[in-house]
Every structure is written in C-alpha cells, then in structure tokens.
Amino acid sequence: MNQQPPSSSRDVRMARSMCWHCQSELAGEYFCERCVKVQPVSKDMDYFTCLGLPRRLTIDPSVLEANYYERSRAFHPDFYLNKSEAEQAISLANAATLNTAYRTLKDPIQRAEYLLDLEAGAVKTIRTSPPADLFEEILELQDTLDAYRAGSPSSEQGRQLLARLQHERESLERRQQELEQELLRLFGEWDTLQDRGQADEQSRRERDRLLKRMREILSNRTYIKNIVNDLVESIG
Amino acid sequence: MARIVGIDLGTTNSLIAYMDQGVPRVIPGPDGRTMVPSVVAMTDQGLVVGDEAKAHLIRNPGRTVYSIKRFMGKSLADVQGELAYFPYTLTEQGGVIRLQLNGKTYSPPQISAMILKELKYRAEAYLREEITKAVITVPAYFNDSQRQATKDAGFIAGLEVLRIINEPTAASLAYGLQQKTQGIIAVYDFGGGTFDISILKLKNGIFEVLATNGDTHLGGDDIDRRIADLLLADIRSSHNLDLAIYPDHLQALRLEAERAKICLSDEMNAHLSLDLPNGHGRFTKVLTRDQLESLVMDIVERTLAPCRAALKDAGLTAAQIDEVVLVGGSTRMPLVRRRVQELFGKEPHCHLNPDEVVALGAAVQADILSGGTTDMLLLDVTPLSLGIETMGGVMSCLIPRNTTIPASAKELFTTYVDGQTGVDIHILQGERELAKDNRSLARFRLKVPPLPAGVPRIEVTFLIDANGILHVTAKDMRTGQQQSIEIKPSYGLSEAEVERMIEESFKFAREDVASRKLIEARLDAGSLLSATEKALAQGGHLVPEEVLTAIRAAVAALAKAKEGDSAQAIRARMADLEQAAKPLSVALMEDSLKRGLEGKSLSDVT
C-alpha cells in the first residue's frame with residue numbers, strides 16, 4: 001500500500017523481521033509480500049516512520065493527512081471482518097497506533113513534545129524550571145485572581161481588579177503567541193540541522209541547545225496556558 | 001459471506017435496511033410501511049411488536065413498553081425524573097433497570113431484542129433467507145454502557161452485531177454515497193429521545209469525524225411531554241380533573257400531543273380532542289404553531305450548546321461548515337430548522353427522508369464490512385473522555401473525547417505497600433474533574449504478585465474498539481505474562497446474564513410459536529364447527545341416525561377442546577370431527593351432483 005520508497009535504515013531493520021504467518025523475510029512495510037498478511041506495526045517504530053514521514057518538525061498537513069488516510073485504508077478493522085482472528089487483532093492494534101500517531105503529529109505542540117521524548121537521551125540532562133520572572137508574575141496574578149473571586153465583582157474594587165485581569169490576560173495571550181512563533185522558528189532550525197546530518201561537536205551542541213530551548217518554551221507555554229484557562233473561567 | 005443488514009434501533013421507530021446492488025434500501029413490512037414503532041406489548045394472546053403494539057398503548061398501558069431506548073445502559077437513579085411518565089413498574093438489579101410486565105421481569109436489552117427480532121423476521125420474510133448478522137446504530141453520544149446494552153440486545157435477538165455505528169455518521173454515509181460530497185459537513189440529528197451533533201470531513205471516500213457532542217436524553221419525547229403537561233393543566237382547570245391517575249387516558253393524551261406536534265410542522269393550527277373518563281365528556285383545544293414554539297423553545301435551545309462545543313472541539317467556526325444535514329423526525333419542526341439555520345448561517349439539507357437516512361447508512365456500513373463497498377471508510381471518534389480514578393477522587397484522563405477510534409492508552413501500575421496483592425481500578429467516562437461527577441463504567445481488581453512496594457510493574461492497556469466499546473488487558477512487565485481481567489460493569493448485564501437471556505429468548509420464542517399455533521387452531525376449529533352446523537342443517541336428513549350421533553359427539557368434543565389451551569388436542573378433535581362427518585359430506589356432494597346433473601347431458605358435465 002505504501003507508495004514511498006523505504007529509507008535505507010528501515011530496510012535494515014525490516015530485513016531482520018519475519019512474517020508472523022509464513023515466516024518469510026519481510027521486505028514490505030505492512031504486508032508480507034508472499035502471503036499478503038497484514039504485519040503488526042513494530043513497537044519500536046516511531047510515529048514519524050509510522051506515518052511515512054522523516055523525523056522533522058515542520059510537516060505539511062496535507063501530506064500528513066494523505067498518508068494517514070492511506071494507512072487507515074490499509075489497517076482499519078472494517079476491512080478485516082472476513083479475515084482470521086490473528087489478522088483482526090493486528091488490524092485493531094495497528095489502527096489504534098496509527099490513530100495515536102496521527103493525533104500526536106497533527107498538533108505542533110504535541111509533535112514537539114513527542115520529539116523531545118524521542119530524543120530523551122539528550123534532554124534528560126537538561127533541567128528545566130520556569131524562569132524567575134514568569135514564576136513571580138504568575139504568583140502575583142494568582143493573588144489578584146483570588147482577591148477578585150473573593151470580592152464583589154460589581155464593586156469599584158472589583159471593576160478595577162477585573163480591568164487588571166483582562167489586561168493581564170491579553171498580555172499573556174500575546175506572550176503565548178510569541179512563544180508559539182518562536183517554537184515554529186526552532187522547528188525550522190531543527191529540521192535544517194537534521195537535513196545537514198553532520199555529527200561533529202558543533203552540530204551536537206547546536207542540537208542540545210535547540211532541544212533545551214524547545215523544552216523551555218513548551219514548559220513556559222503550559223504555565224501560561226493554565227493561568228489563561230483559569231482567567232477565562234473566572235472573568236469570561 | 002452471509003448478508004449483513006443495517007438496523008436503526010430508534011427511540012420511537014425502528015427500521016431495517018439492506019444493500020441492493022450498491023443502493024441501500026429500507027425493507028417494508030407487508031403493509032408497505034418502512035417504520036416499525038419501537039413499542040412492545042405483552043397481550044393475553046402473546047407478544048406483539050410495532051404498529052399492533054402501539055394500539056395497546058391505550059388499551060393495556062401497564063403492559064405496553066415504549067421509548068425503551070431511554071433506559072438502555074441506565075440505572076433507576078438516572079431516570080428518576082421521568083418515572084411518572086411510564087405506566088409500568090420499574091426496579092433495579094445489578095445497576096440495570098428492570099421492568100415488571102405481566103408478572104415477569106425484563107431488562108431493557110430484552111425489550112429491545114423483541115424489536116430487533118421483529119425487524120429480523122421482517123427482513124427474513126422479505127429477502128427469503130436467514131438473517132444472523134447486523135450493524136446496529138446508536139446515538140453518537142451513547143456511553144460505553146449504553147453501547148454494550150445495545151450489543152447485548154442484538155445477541156439476545158439472535159443477531160451477531162458486527163458493528164455498533166453512530167447514527168449521525170451513518171446518516172453521513174448515506175448522504176455521501178448519494179452526493180459524492182467533499183468538504184466539512186455538520187450532521188444535526190434530533191430524534192425521538194436523543195440529540196447528536198457530529199462534524200465530519202469528507203474527502204475521497206474517507207469520512208473522518210472531527211468532533212461529536214450531544215445529549216442522550218433530549219428528543220421529541222420531551223417536546224410531547226411539554227405539550228402533554230400543558231393539556232393536563234388545562235384539563236385540571238377546565239374540568240377539575242387530574243388525568244394523571246388514569247394510565248390509559250394519559251397514554252391517549254401523550255399520543256394526541258405527539259399528533260398535534262407532527263401536525264404543527266405543516267399547519268399553523270392543530271385541533272386536539274380527548275375523551276375524558278367518568279362522564280366528564282370531551283376536552284378540545286386548538287394549539288397554534290406559535291404557542292408550540294414558545295412552549296418548547298428552551299428544548300430546542302438546549303441542542304445549540306452541544307453544536308457550539310462540537311465546533312470548538314473541531315477547531316472550526318460555523319462559517320467553515322460547508323453543509324448542514326438534518327436527521328431525525330424532530331428536525332421536521334420549522335422551529336428546529338430555523339434555529340439550525342441561524343446557528344450555521346446556511347440552509348440545512350434534508351433531501352433524504354430524515355426517518356430513513358440512518359437505517360440506509362447502516363446498510364452502507366454493513367456493505368463496507370462485507371467487502372461490497374471498498375472505496376468508503378468511516379473514521380469515527382469516541383464521544384466521551386475515558387479515564388481512571390486516582391488518589392483524591394480525581395479522574396485522570398487516558399483517552400480524551402473526540403479521539404479517533406480504535407484508540408488505545410497504556411498505564412503502568414505499581415504498589416504502595418509491601419506485599420500488596422491487588423490494585424483496585426475504577427474506569428470512568430466523562431468530562432468532569434472529579435470521579436464522582438463522571439459516569440462509572442466498571443471496576444476491577446488488578447492481581448499483583450506480593451513484592452516490596454513499588455517493585456511490581458503491571459501495564460494495563462485500555463482499548464476502545466471501532467464500536468466505541470472498551471476492552472481492558474493487563475500485562476506483568478516483569479514476567480511478560482498476560483493477565484486476564486474480570487470486569488464488573490457498573491451499569492450493565494454480566495456475561496452470564498446475557499447468556500441466560502439468550503436462552504430465555506429462545507424459550508419465549510417457543511412460547512410465542514406455541515401461542516400463535518393455539519390461536520390459529522382455535523380459529524380453524526371455529527370455522528370447522530360452523531361449517532359442520534351448516535352441513536347438518538343442509539343434509540342431516542341424508543345420513544343415518546348413528547352418523548348424526550357420531551357427528552354431534554365429535555362436535556361436542558371439539559367445542560370442549562377449543563376452550564382448552566392445547567393446539568394439538570384441538571387439531572386431533574378436528575380430525576375426529578372430519579372423520580365422523582365424512583359420510584355427511586359425501587352424501588352432500590352426491591346430492592348436489594345429482595341435482596346439478598338433472599336436465600343435463602353427459603357431455604355437459606365431462
């Protein structure tokens with residue numbers, strides 16, 4: 001079913017696996033070439049590979065969707081009702097994996113988080129903590145929010161607090177957008193670095209820097225998102 | 001592969017459809033009607049379903065069940081608010097509602113199974129083959145318990161339910177097949193008891209559901225009740241009479257309210273008329289469309305919040321919807337059409353019959369499953385978030401709502417105390433923060449080898465299949481051993497109970513057949529008795545006295561057997577009578593031949 005030529009690294013791994021049914025060596029990605037039985041998606045296969053994409057952060061949504069639809073046609077349990085129980089089980093598990101992969105890669109934030117998990121070896125050593133200024137800002141905002149919730153919204157003080165909260169909310173939402181834009185820029189830098197494919201010291205340092213910064217952005221974004229959600233809930 | 005039919009098991013009406021050379025068709029009954037009212041009556045003559053049962057709503061309100069779908073997968077507490085509207089006794093056992101009818105106890109899946117069987121018979125008679133496999137539709141917003149209950153109903157009816165499919169997505173399949181539509185569509189499905197909204201992306205034969213929302217307890221029934229309540233109040237003030245204590249009149253009132261509602265979809269005025277009990281005469285009233293609309297405005301408004309929520313979850317605005325499709329009988333109301341049009345800013349489509357489109361879509365899905373249609377694929381979602389209860393009674397989400405199914409999530413469990421041998425897991429469905437505010441699906445105890453705290457590592461996989469039904473498996477990560485899990489559903493029948501009900505249904509089927517045979521035998525005996533009387537009057541003088549005595553004895557024996565309840569005995573006495581009356585019939589035939597031949601030449605008679 002897959003129209004794309006398999007990459008060389010995949011060939012090496014596939015050559016080592018065998019069809020669960022006829023035990024012949026597997027060359028194709030999802031179906032045994034000899035007995036045409038569906039093959040389980042390997043647990044080690046990452047979501048990018050699963051969807052036939054290189055491990056890059058900038059993804060063309062239409063290519064992602066087309067690949068997802070094509071694989072859905074290959075795996076969906078609807079097409080395995082007449083097949084053996086083993087094939088039905090494989091189709092069900094494959095379809096579930098495929099759906100998770102698509103959901104993860106479709107959303108840029110989830111995609112970045114997933115990539116950081118994949119590259120965990122490099123990131124684990126990076127300690128992240130919210131920057132002091134953001135941390136203080138959020139604490140202060142929490143106090144204002146508590147005061148607003150406790151008081152009467154129609155009083156003079158209540159109106160003042162509301163105005164301040166609304167102002168804060170707008171500034172935080174701006175900040176969230178800026179972070180997301182920076183993240184997308186980093187996506188580009190990451191992809192360029194991967195495309196170069198060099199393994200020298202400088203590339204390694206650059207790679208660690210990008211991962212660390214992306215991790216920071218994601219964590220700051222989560223802090224901001226949570227407080228914005230709180231704000232929206234309280235002040236509408 | 002054996003034929004798979006598509007079934008729309010509705011709150012008010014049910015339909016069965018099949019694929020006829022690439023075209024889905026609804027199967028009509030002998031009277032040509034395609035809808036079977038979802039009504040079941042336990043009469044003295046046995047079980048009746050559909051139109052015939054509907055007639056018993058007024059005659060036998062305590063033994064006639066309607067809108068059973070509202071009780072599927074529910075506990076008694078869930079439906080406390082509407083018990084007053086149902087004239088039969090409801091109890092609960094093991095988290096499942098039970099109905100007391102004619103001294104017997106039934107669960108909602110058993111009642112639904114009776115409707116499914118009626119549909120199955122209808123299809124078997126029409127297609128002249130046995131039907132054993134089906135796709136059954138459910139509201140998209142049905143939770144796991146309600147889906148499982150529907151599947152159980154299928155099994156009890158002797159059907160292998162190959163797929164549970166959501167009603168709005170089924171409708172989209174029927175539309176997509178006909179129109180070859182591309183783009184984003186919203187399916188607004190407002191039926192007899194449930195409301196669903198689904199937003200789909202249609203592209204090259206793929207039907208991808210982006211988001212779904214709804215209310216499984218909101219439908220035309222609620223509109224009927226609103227009218228019925230108005231009529232009850234009117235009758236109370238005009239006749240000083242509380243009709244609510246007369247179950248038969250209450251049913252008549254409900255049906256009259258429904259009739260008026262339907263009438264007001266085309267007319268501006270509806271004339272209502274009801275016979276009142278105990279010489280109170282007749283109640284009449286004119287209801288205008290404006291009155292109806294202001295009466296039920298809030299019910300229609302309640303459908304709009306789920307629409308907005310679905311749009312938000314799909315990440316779309318109303319303007320990005322290319323087409324709006326209306327499904328379900330309640331969308332015939334002009335008020336509903338107007339509000340939908342206002343919300344989405346475009347005129348909704350309804351060129352397929354809104355009553356039939358879901359069944360047609362189910363037939364299309366059945367055809368996909370049997371390999372007939374290969375270019376279409378439905379990618380549906382789970383309507384509610386799935387999670388487990390964690391410390392402090394909070395729900396931890398494992399599979400968020402609107403995740404494409406099949407969907408799976410894995411969770412690793414360990415122990416907190418040395419030597420602990422089990423971990424209790426409570427599975428929930430819903431969107432609320434606290435476990436107690438969500439729907440409890442099931443509980444189970446994970447077996448853990450006794451080891452120091454934190455050492456055991458059990459991986460539990462939660463898998464929602466393409467039917468939207470949950471499966472749970474566990475694996476000990478240290479030994480790699482798979483563990484079987486016995487789940488106790490919170491609001492469902494246990495497997496053993498379903499098994500027992502399947503057996504019972506065969507027994508009931510035998511009883512049904514027996515009672516039908518008895519009725520037929522009695523009818524045949526009746527006509528034989530009257531024919532014999534007629535023959536005796538005509539030709540009694542033609543036969544000797546001993547023949548007459550034998551005939552009279554056989555007549556008396558048959559009349560007695562007819563009062564009994566053995567069809568076999570009746571048939572035996574009928575044979576006796578026919579035997580005894582043979583000389584009489586021979587004499588009569590010869591007599592008429594003789595008279596017929598008088599004055600005729602031989603060539604005239606040969």
# chains A, B, ... in the order shown; residues from 1 in each chain; ligands from 1
>>> residues_around(residues="A:Cys19", least_positions_apart="4", cutoff="12 Å", atoms="only C-alpha atoms", output="count of residues only")
22
>>> residues_around(residues="A:Lys43", least_positions_apart="6", cutoff="12 Å", atoms="only C-alpha atoms", output="list in words")
Thr49, Cys50, Ala93, Asn94, Thr97 and Leu98 of chain A
>>> write_last_selection(atoms="C-alpha atoms", output="short mmCIF file (atom, residue, chain, number, x, y, z; two decimals), in the first residue's frame")
data_model
loop_
_atom_site.label_atom_id
_atom_site.label_comp_id
_atom_site.auth_asym_id
_atom_site.auth_seq_id
_atom_site.Cartn_x
_atom_site.Cartn_y
_atom_site.Cartn_z
CA THR A 49 8.07 6.46 10.50
CA CYS A 50 4.60 5.03 11.14
CA ALA A 93 -3.75 -2.70 17.27
CA ASN A 94 -2.24 -1.12 14.14
CA THR A 97 -1.34 3.03 16.98
CA LEU A 98 -1.86 4.84 13.70
#
>>> interface_residues(of="chain A", to="chain B", cutoff="10 Å", atoms="only C-alpha atoms", output="list in words")
Ala66, Tyr69, Glu70, Ser72, Arg73, His76, Pro77, Asp78, Phe79, Tyr80, Leu81, Asn82, Ser91, Leu92, Ala93, Asn94, Ala95, Ala96, Thr97, Leu98, Asn99, Thr100, Tyr102 and Arg103 of chain A
>>> select_by_dssp(residues="stretch 16-109 of chain A", states="strand (DSSP E or B)", output="list in words")
Met18, Glu25, Phe31 and Val38 of chain A
>>> write_last_selection(atoms="all heavy atoms", output="mmCIF file, in the first residue's frame")
data_model
loop_
_atom_site.group_PDB
_atom_site.id
_atom_site.type_symbol
_atom_site.label_atom_id
_atom_site.label_comp_id
_atom_site.auth_asym_id
_atom_site.auth_seq_id
_atom_site.Cartn_x
_atom_site.Cartn_y
_atom_site.Cartn_z
ATOM 1 N N MET A 18 10.482 -11.253 10.401
ATOM 2 C CA MET A 18 9.837 -12.287 9.594
ATOM 3 C C MET A 18 8.329 -12.144 9.672
ATOM 4 O O MET A 18 7.788 -11.641 10.656
ATOM 5 C CB MET A 18 10.225 -13.667 10.120
ATOM 6 C CG MET A 18 11.615 -14.103 9.719
ATOM 7 S SD MET A 18 11.854 -15.845 10.046
ATOM 8 C CE MET A 18 11.524 -15.985 11.772
ATOM 9 N N GLU A 25 10.929 -13.761 4.962
ATOM 10 C CA GLU A 25 11.553 -12.494 5.332
ATOM 11 C C GLU A 25 10.699 -11.337 4.820
ATOM 12 O O GLU A 25 10.182 -11.367 3.710
ATOM 13 C CB GLU A 25 12.936 -12.437 4.690
ATOM 14 C CG GLU A 25 13.918 -11.620 5.483
ATOM 15 C CD GLU A 25 15.316 -11.797 4.919
ATOM 16 O OE1 GLU A 25 15.587 -11.169 3.886
ATOM 17 O OE2 GLU A 25 16.101 -12.569 5.504
ATOM 18 N N PHE A 31 2.647 -5.339 4.799
ATOM 19 C CA PHE A 31 2.081 -6.595 4.340
ATOM 20 C C PHE A 31 3.206 -7.509 3.891
ATOM 21 O O PHE A 31 4.180 -7.057 3.291
ATOM 22 C CB PHE A 31 1.107 -6.361 3.179
ATOM 23 C CG PHE A 31 -0.083 -5.550 3.582
ATOM 24 C CD1 PHE A 31 -0.068 -4.176 3.446
ATOM 25 C CD2 PHE A 31 -1.193 -6.155 4.138
ATOM 26 C CE1 PHE A 31 -1.155 -3.402 3.845
ATOM 27 C CE2 PHE A 31 -2.286 -5.398 4.536
ATOM 28 C CZ PHE A 31 -2.269 -4.026 4.395
ATOM 29 N N VAL A 38 -1.382 -8.961 6.806
ATOM 30 C CA VAL A 38 -1.015 -7.705 7.447
ATOM 31 C C VAL A 38 -0.002 -7.976 8.557
ATOM 32 O O VAL A 38 -0.054 -9.012 9.213
ATOM 33 C CB VAL A 38 -2.274 -6.985 8.000
ATOM 34 C CG1 VAL A 38 -2.909 -7.774 9.124
ATOM 35 C CG2 VAL A 38 -1.935 -5.570 8.453
#
>>> closest_residue(among="B:Glu389, B:Glu504, B:Asp234, B:Asp20", to="B:His426", atoms="only C-alpha atoms")
B:Glu389
>>> residues_around(residues="stretch 560-574 of chain B", least_positions_apart="2", cutoff="6 Å", atoms="only C-alpha atoms", output="tab-separated table (two decimals) with N, CA, C and O atoms, in the first residue's frame")
chain	number	residue	atom	x	y	z
B	518	LEU	N	-51.82	-22.03	18.85
B	518	LEU	CA	-53.08	-22.22	19.56
B	518	LEU	C	-54.16	-21.30	18.98
B	518	LEU	O	-55.29	-21.75	18.72
B	521	ALA	N	-55.25	-22.63	15.69
B	521	ALA	CA	-56.05	-23.85	15.85
B	521	ALA	C	-57.48	-23.51	16.27
B	521	ALA	O	-58.44	-24.08	15.76
B	522	ARG	N	-57.57	-22.56	17.21
B	522	ARG	CA	-58.91	-22.16	17.68
B	522	ARG	C	-59.74	-21.57	16.53
B	522	ARG	O	-60.92	-21.86	16.37
B	557	ALA	N	-66.97	-32.68	21.46
B	557	ALA	CA	-65.57	-32.89	21.89
B	557	ALA	C	-64.69	-31.76	21.39
B	557	ALA	O	-63.81	-31.25	22.11
B	558	LEU	N	-64.91	-31.33	20.15
B	558	LEU	CA	-64.08	-30.27	19.58
B	558	LEU	C	-64.35	-28.94	20.30
B	558	LEU	O	-63.42	-28.18	20.63
B	576	ASP	N	-60.97	-35.86	14.22
B	576	ASP	CA	-62.06	-36.77	14.59
B	576	ASP	C	-63.38	-36.33	13.94
B	576	ASP	O	-64.12	-37.14	13.37
B	577	LEU	N	-63.62	-35.02	14.05
B	577	LEU	CA	-64.88	-34.50	13.53
B	577	LEU	C	-64.94	-34.67	12.01
B	577	LEU	O	-65.98	-35.08	11.45
>>> atom_distance(atom1="atom CA of B:His271", atom2="atom CA of B:Val286")
4.6 Å
>>> residues_around(residues="B:Ile235", least_positions_apart="5", cutoff="12 Å", atoms="only C-alpha atoms", output="list in words")
Ala228, Asp229, Leu230, Asn240, Leu241, Asp242, Leu243, Ala244, His249, Leu250, Leu253, Ser273, Leu274, Asp275, Leu276, Pro277, His280, Gly281, Arg282, Phe283, Thr284 and Lys285 of chain B
>>> atom_distance(atom1="atom CA of B:Asp424", atom2="atom CA of B:Gln148")
22.4 Å
>>> atom_distance(atom1="atom CA of B:Gln538", atom2="atom CA of B:Met589")
11.3 Å
>>> select_by_dssp(residues="stretch 126-193 of chain A", states="helix (DSSP H, G or I)", output="MDAnalysis selection string")
chainID A and resid 132:150 156:193
>>> residues_around(residues="B:Gly81", least_positions_apart="5", cutoff="12 Å", atoms="only C-alpha atoms", output="PyMOL selection string")
chain B and resi 76+86+217+222
>>> residues_around(residues="B:Ala535", least_positions_apart="3", cutoff="8 Å", atoms="only C-alpha atoms", output="list in words")
Ala531, Thr532, Gln538, Gly539, Gly540, Leu584, Ser585 and Leu588 of chain B
>>> write_last_selection(atoms="all heavy atoms", output="PDB file, in the first residue's frame")
ATOM      1  N   ALA B 531     -69.006 -24.710   9.803  1.00  0.00           N
ATOM      2  CA  ALA B 531     -69.241 -25.411   8.531  1.00  0.00           C
ATOM      3  C   ALA B 531     -70.041 -26.694   8.774  1.00  0.00           C
ATOM      4  O   ALA B 531     -70.928 -27.061   7.995  1.00  0.00           O
ATOM      5  CB  ALA B 531     -67.910 -25.717   7.857  1.00  0.00           C
ATOM      6  N   THR B 532     -69.704 -27.377   9.889  1.00  0.00           N
ATOM      7  CA  THR B 532     -70.408 -28.621  10.200  1.00  0.00           C
ATOM      8  C   THR B 532     -71.885 -28.342  10.510  1.00  0.00           C
ATOM      9  O   THR B 532     -72.763 -29.060  10.039  1.00  0.00           O
ATOM     10  CB  THR B 532     -69.742 -29.320  11.413  1.00  0.00           C
ATOM     11  OG1 THR B 532     -68.338 -29.410  11.175  1.00  0.00           O
ATOM     12  CG2 THR B 532     -70.317 -30.714  11.606  1.00  0.00           C
ATOM     13  N   GLN B 538     -78.169 -28.527   6.190  1.00  0.00           N
ATOM     14  CA  GLN B 538     -78.450 -28.773   4.774  1.00  0.00           C
ATOM     15  C   GLN B 538     -78.752 -30.242   4.483  1.00  0.00           C
ATOM     16  O   GLN B 538     -79.676 -30.549   3.737  1.00  0.00           O
ATOM     17  CB  GLN B 538     -77.235 -28.374   3.932  1.00  0.00           C
ATOM     18  CG  GLN B 538     -77.296 -26.932   3.442  1.00  0.00           C
ATOM     19  CD  GLN B 538     -76.052 -26.576   2.665  1.00  0.00           C
ATOM     20  OE1 GLN B 538     -75.291 -27.465   2.269  1.00  0.00           O
ATOM     21  NE2 GLN B 538     -75.853 -25.295   2.459  1.00  0.00           N
ATOM     22  N   GLY B 539     -77.924 -31.146   5.105  1.00  0.00           N
ATOM     23  CA  GLY B 539     -78.033 -32.547   4.664  1.00  0.00           C
ATOM     24  C   GLY B 539     -78.207 -33.546   5.777  1.00  0.00           C
ATOM     25  O   GLY B 539     -77.932 -34.734   5.590  1.00  0.00           O
ATOM     26  N   GLY B 540     -78.649 -33.098   6.948  1.00  0.00           N
ATOM     27  CA  GLY B 540     -78.829 -34.004   8.076  1.00  0.00           C
ATOM     28  C   GLY B 540     -79.762 -35.162   7.742  1.00  0.00           C
ATOM     29  O   GLY B 540     -79.569 -36.283   8.199  1.00  0.00           O
ATOM     30  N   LEU B 584     -71.445 -37.571   5.876  1.00  0.00           N
ATOM     31  CA  LEU B 584     -72.311 -36.421   5.619  1.00  0.00           C
ATOM     32  C   LEU B 584     -71.811 -35.626   4.419  1.00  0.00           C
ATOM     33  O   LEU B 584     -72.575 -35.259   3.524  1.00  0.00           O
ATOM     34  CB  LEU B 584     -72.380 -35.535   6.878  1.00  0.00           C
ATOM     35  CG  LEU B 584     -73.192 -34.239   6.757  1.00  0.00           C
ATOM     36  CD1 LEU B 584     -74.662 -34.530   6.460  1.00  0.00           C
ATOM     37  CD2 LEU B 584     -73.081 -33.404   8.024  1.00  0.00           C
ATOM     38  N   SER B 585     -70.506 -35.379   4.376  1.00  0.00           N
ATOM     39  CA  SER B 585     -70.013 -34.582   3.251  1.00  0.00           C
ATOM     40  C   SER B 585     -70.134 -35.334   1.938  1.00  0.00           C
ATOM     41  O   SER B 585     -70.444 -34.747   0.893  1.00  0.00           O
ATOM     42  CB  SER B 585     -68.570 -34.116   3.473  1.00  0.00           C
ATOM     43  OG  SER B 585     -67.896 -34.881   4.409  1.00  0.00           O
ATOM     44  N   LEU B 588     -73.676 -35.110   0.915  1.00  0.00           N
ATOM     45  CA  LEU B 588     -73.985 -33.774   0.408  1.00  0.00           C
ATOM     46  C   LEU B 588     -73.471 -33.592  -1.015  1.00  0.00           C
ATOM     47  O   LEU B 588     -74.124 -32.993  -1.865  1.00  0.00           O
ATOM     48  CB  LEU B 588     -73.357 -32.713   1.319  1.00  0.00           C
ATOM     49  CG  LEU B 588     -74.213 -32.237   2.501  1.00  0.00           C
ATOM     50  CD1 LEU B 588     -73.398 -31.387   3.445  1.00  0.00           C
ATOM     51  CD2 LEU B 588     -75.434 -31.479   1.993  1.00  0.00           C
TER      52      LEU B 588
END
>>> residues_around(residues="B:Asp313", least_positions_apart="3", cutoff="12 Å", atoms="only C-alpha atoms", output="list in words")
Ile197, Ser198, Ile199, Leu200, Val209, Leu210, Ala211, Thr212, Asn213, Pro306, Cys307, Arg308, Ala309, Ala310, Leu316, Thr317, Val381, Pro383, Pro400, Arg401, Asn402 and Thr403 of chain B
